[in-house]
Amino acid sequence: MQINGLLKYFLFLRSHWNLRLALFTIVHEIKGENKYGINTLGVNDLKNTIVKGDHKKHAYIYQPASYFLLQKSFNFLSDHFNKEGFVDFGCGKGRALAVAAFYGFKKITGVDFSEDFCLAATQNNHIVKEHFPETRFQIHCMDATDYLIQRDDTVFFFFNPFDDVVMLKVAKNILASQKEFPREIVIVYFNPLFLEIFLAAGFEEVYSFCKLEYLEVSILVKPSEI
């Protein structure tokens, strides 16, 4: 693990939020990177990042999802839902994908519009696959709105990757897929700024958790209409 990377991330968290959150996050960063054996540290404002599609202006900075919050969320998923297809929109370097594998998901898909992030996610997936050789990993380097949702994609993860313009389009794609292939759909949404999009579409919030004000998750479900 890169000490320099940890220090930079700590300073970023301290300057943008507060000392308590920075310390809490860094402790879990160290534990998480060691536990899963991957390298997903770093923050990227995307200014110099080459991306696929026309929605760069609608994207937010790359920041890895909290290991603490990921494990909290996957514990809930494991207790209440089948472990079918997992999709991370804005997968970055693949942290959530790795954790999903450790929690038993067998078909794991990452979607990101940055080739650099997709390469990093692929490298991390290779590491995780050594522990779970039967797990199917797929990385799609494309705009989130262009991803063709599969009939066995059931759990969709978002760490506030883009604004409401793109989120609305992705939500419509998810709903269209559910209509074509009826099944229960689960949304795991970190820092859920646009929660109303899913609530208005008929999703029900079944779990919510917030720690230190900024570490927040909402899990929503929309049952099959059949």
# chains A, B, ... in the order shown; residues from 1 in each chain; ligands from 1
$ closest_atom_pairs --of "range 66-97 of chain A" --to "range 15-37 of chain A" --cutoff "12 Å" --atoms "only C-alpha atoms" --output "Markdown table"
| residue | atom | partner | partner_atom | distance |
| --- | --- | --- | --- | --- |
| A:Ser66 | CA | A:Thr25 | CA | 6.9 |
| A:Tyr67 | CA | A:Gly32 | CA | 5.9 |
| A:Phe68 | CA | A:His28 | CA | 6.3 |
| A:Leu69 | CA | A:His28 | CA | 9.7 |
| A:Leu70 | CA | A:Gly32 | CA | 10.0 |
| A:Gln71 | CA | A:Gly32 | CA | 9.6 |
| A:Gly94 | CA | A:Tyr36 | CA | 11.3 |
| A:Arg95 | CA | A:Tyr36 | CA | 8.9 |
| A:Ala96 | CA | A:Tyr36 | CA | 10.7 |
| A:Leu97 | CA | A:Tyr36 | CA | 10.8 |
$ select_by_dssp --residues "range 14-203 of chain A" --states "strand (DSSP E or B)" --output "number ranges by chain"
A: 44, 51, 59, 62, 85-89, 107-112, 114, 136-141, 153-159, 162, 185-190
$ closest_residue --among "A:Leu212, A:Leu199, A:Leu77, A:Leu148" --to "Val186 in chain A" --atoms "only C-alpha atoms"
A:Leu77
$ atom_distance --atom1 "CA of Lys106 in chain A" --atom2 "CA of Ile127 in chain A"
15.4 Å
$ atom_distance --atom1 "CA of Arg183 in chain A" --atom2 "CA of Gly202 in chain A"
13.9 Å
$ closest_residue --among "A:Phe198, A:Asn82, A:Asp153, A:Asn125" --to "Lys107 in chain A" --atoms "only C-alpha atoms"
A:Asp153
$ closest_atom_pairs --of "range 99-146 of chain A" --to "range 166-180 of chain A" --cutoff "9 Å" --atoms "only C-alpha atoms" --output "tab-separated table"
residue	atom	partner	partner_atom	distance
A:Ala144	CA	A:Val170	CA	6.8
A:Thr145	CA	A:Val170	CA	5.4
A:Asp146	CA	A:Val170	CA	8.6
